[in-house]
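Participant: Take this structure, written in structure tokens, and hold onto it; I'll ask about it next.
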Amino acid sequence: MSEDAKIVPLRPAPQSAAEVTRLEGLTDDELMRLATQNLREAFATLVSRYQRRVRSHCSKWTGDGALGDDLAQEIFCELWRTRERYRPNARFAVYLFTIARNRCRNARRDRRPTKTLEAEVPSGQPDQLQRLLAAERQRRIDQEVSRLPEKLREAVLLRFGQAFDYPQMAEILKCRQVTVRSRVFLGISKLRAALKEEVS
């Protein structure tokens, strides 16, 4: 079973290529409407469409990759269990990441993040060294993001990790756009300062 396949909470029946293509062409709202009618294939299509984003978001939010994977699984299970409550008032992604935000906040309060393993030094080839340096920089950024105050961290992750615009972020975070912009600005300022201190 592939890593991506294990996150689907319900195993859909085998589909024909034509059915897969048809479902992939539907909007998120159309897929959720079909999911409320217990069409598991439609829900599986939604999961495959969003699972990487949700897993990445949860891992960075909590500072723990394994916990991020667990939370993503829980989020999609919750989405399936509560699918009949979904109303297409906003974009599906806003609805999904509102659930993700709540799960991440609860998990962060309840559990302590585990330390990630350091990357091994490569065998010395230039491209490997560049990849190692890029990975190390990203690890430091992720570490500093996980240390931001909660409100700043979630704003930075939604804006730069998930590319939500400010109106969507205001819906997810349940605050005014000006507040969201302020949190993003403060979060970036703190990250710059922390990374600058680390280098100096």
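Chain labels A, B, ... are given in the sequence in which chains occur in the structure tokens; within each chain residues are numbered consecutively from 1, and ligands are likewise numbered from 1 in the order shown.
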Go through segment 32-65 of chain A and flag each residue having an atom no more than 9 Å from segment 84-90 of chain A; for those, report the closest pair of atoms plus their distance in Å to one decimal, using only C-alpha atoms, ordered by chain and rising number, as JSON lines.
Facilitator:
{"residue": "A:Met32", "atom": "CA", "partner": "A:Tyr86", "partner_atom": "CA", "distance": 7.7}
{"residue": "A:Arg33", "atom": "CA", "partner": "A:Glu84", "partner_atom": "CA", "distance": 8.5}
{"residue": "A:Ala35", "atom": "CA", "partner": "A:Glu84", "partner_atom": "CA", "distance": 8.4}
{"residue": "A:Thr36", "atom": "CA", "partner": "A:Glu84", "partner_atom": "CA", "distance": 5.3}
{"residue": "A:Gln37", "atom": "CA", "partner": "A:Glu84", "partner_atom": "CA", "distance": 8.6}
Participant: Quick one: residues within 12 Å of Ser189 of chain A, only C-alpha atoms counted, chain neighbours fewer than 5 positions away excluded, as a ChimeraX atom specification?
Facilitator: /A:144-145,148,152-153,156,182-184,194-196
Participant: Could you tell me which of A:Ala134, A:Ala18, A:Arg140, A:Thr45 comes closest to Leu31 of chain A if we count only C-alpha atoms?
Facilitator: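 Distance minimum relative to Leu31 of chain A lands on A:Thr45.
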Participant: Pick out the residues sitting within 10 Å of Leu67 of chain A, and hand them over as an mmCIF file with C-alpha atoms, in the first residue's frame; count only C-alpha atoms, and ignore anything fewer than 2 positions along from it in its own chain.
Facilitator:
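After the write, out08.cif holds the following:
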data_model
loop_
_atom_site.group_PDB
_atom_site.id
_atom_site.type_symbol
_atom_site.label_atom_id
_atom_site.label_comp_id
_atom_site.auth_asym_id
_atom_site.auth_seq_id
_atom_site.Cartn_x
_atom_site.Cartn_y
_atom_site.Cartn_z
ATOM 1 C CA ARG A 55 -0.303 16.419 5.768
ATOM 2 C CA CYS A 58 -0.249 19.607 9.924
ATOM 3 C CA SER A 59 3.396 18.520 10.067
ATOM 4 C CA LYS A 60 4.637 22.096 9.889
ATOM 5 C CA TRP A 61 1.965 23.380 12.254
ATOM 6 C CA THR A 62 2.882 20.877 14.963
ATOM 7 C CA GLY A 63 6.604 20.619 14.168
ATOM 8 C CA ASP A 64 6.255 16.829 14.052
ATOM 9 C CA GLY A 65 6.020 14.857 10.786
ATOM 10 C CA ASP A 69 0.418 12.321 9.300
ATOM 11 C CA ASP A 70 -1.781 11.119 12.171
ATOM 12 C CA LEU A 71 -3.680 14.396 12.262
ATOM 13 C CA ALA A 72 -4.267 14.354 8.513
ATOM 14 C CA GLN A 73 -5.756 10.880 8.854
ATOM 15 C CA CYS A 104 -3.666 21.079 15.045
ATOM 16 C CA ALA A 107 -2.851 18.385 19.240
ATOM 17 C CA ARG A 108 -0.283 21.064 19.949
ATOM 18 C CA ARG A 111 1.263 16.589 22.832
ATOM 19 C CA ARG A 112 4.845 17.721 22.688
ATOM 20 C CA PRO A 113 6.575 17.625 19.301
ATOM 21 C CA THR A 114 9.337 15.107 18.769
#
Participant: So that I can check the secondary structure, give me every residue of segment 123-171 of chain A assigned alpha helix (DSSP H) by backbone DSSP, as a PyMOL selection string.
Facilitator: chain A and resi 126-147+150-156+166-171
Participant: Based on the selection just made, write C-alpha atoms of those residues as a PDB file, in the first residue's frame.
Facilitator:
ATOM      1  CA  PRO A 126      28.026  19.027  -5.393  1.00  0.00           C
ATOM      2  CA  ASP A 127      24.334  18.554  -6.185  1.00  0.00           C
ATOM      3  CA  GLN A 128      23.904  16.406  -3.092  1.00  0.00           C
ATOM      4  CA  LEU A 129      25.619  19.046  -1.011  1.00  0.00           C
ATOM      5  CA  GLN A 130      23.296  21.726  -2.409  1.00  0.00           C
ATOM      6  CA  ARG A 131      20.287  19.546  -1.592  1.00  0.00           C
ATOM      7  CA  LEU A 132      21.616  18.970   1.920  1.00  0.00           C
ATOM      8  CA  LEU A 133      22.118  22.689   2.493  1.00  0.00           C
ATOM      9  CA  ALA A 134      18.637  23.479   1.130  1.00  0.00           C
ATOM     10  CA  ALA A 135      17.106  20.746   3.302  1.00  0.00           C
ATOM     11  CA  GLU A 136      18.964  22.030   6.366  1.00  0.00           C
ATOM     12  CA  ARG A 137      17.787  25.592   5.733  1.00  0.00           C
ATOM     13  CA  GLN A 138      14.207  24.361   5.309  1.00  0.00           C
ATOM     14  CA  ARG A 139      14.512  22.350   8.523  1.00  0.00           C
ATOM     15  CA  ARG A 140      15.673  25.481  10.379  1.00  0.00           C
ATOM     16  CA  ILE A 141      12.813  27.521   8.924  1.00  0.00           C
ATOM     17  CA  ASP A 142      10.280  24.826   9.869  1.00  0.00           C
ATOM     18  CA  GLN A 143      11.763  24.702  13.366  1.00  0.00           C
ATOM     19  CA  GLU A 144      11.460  28.466  13.770  1.00  0.00           C
ATOM     20  CA  VAL A 145       7.905  28.416  12.383  1.00  0.00           C
ATOM     21  CA  SER A 146       6.967  25.801  14.991  1.00  0.00           C
ATOM     22  CA  ARG A 147       8.303  28.158  17.705  1.00  0.00           C
ATOM     23  CA  GLU A 150       0.171  30.005  17.741  1.00  0.00           C
ATOM     24  CA  LYS A 151      -1.716  32.850  16.057  1.00  0.00           C
ATOM     25  CA  LEU A 152       1.315  33.948  14.071  1.00  0.00           C
ATOM     26  CA  ARG A 153       2.279  30.373  13.157  1.00  0.00           C
ATOM     27  CA  GLU A 154      -1.118  29.492  11.733  1.00  0.00           C
ATOM     28  CA  ALA A 155      -1.267  32.736   9.738  1.00  0.00           C
ATOM     29  CA  VAL A 156       2.187  32.172   8.205  1.00  0.00           C
ATOM     30  CA  TYR A 166      -6.395  37.032   3.027  1.00  0.00           C
ATOM     31  CA  PRO A 167     -10.212  36.784   2.741  1.00  0.00           C
ATOM     32  CA  GLN A 168     -10.014  32.977   2.929  1.00  0.00           C
ATOM     33  CA  MET A 169      -7.610  33.165   5.853  1.00  0.00           C
ATOM     34  CA  ALA A 170      -9.980  35.526   7.655  1.00  0.00           C
ATOM     35  CA  GLU A 171     -12.735  32.902   7.283  1.00  0.00           C
TER      36      GLU A 171
END
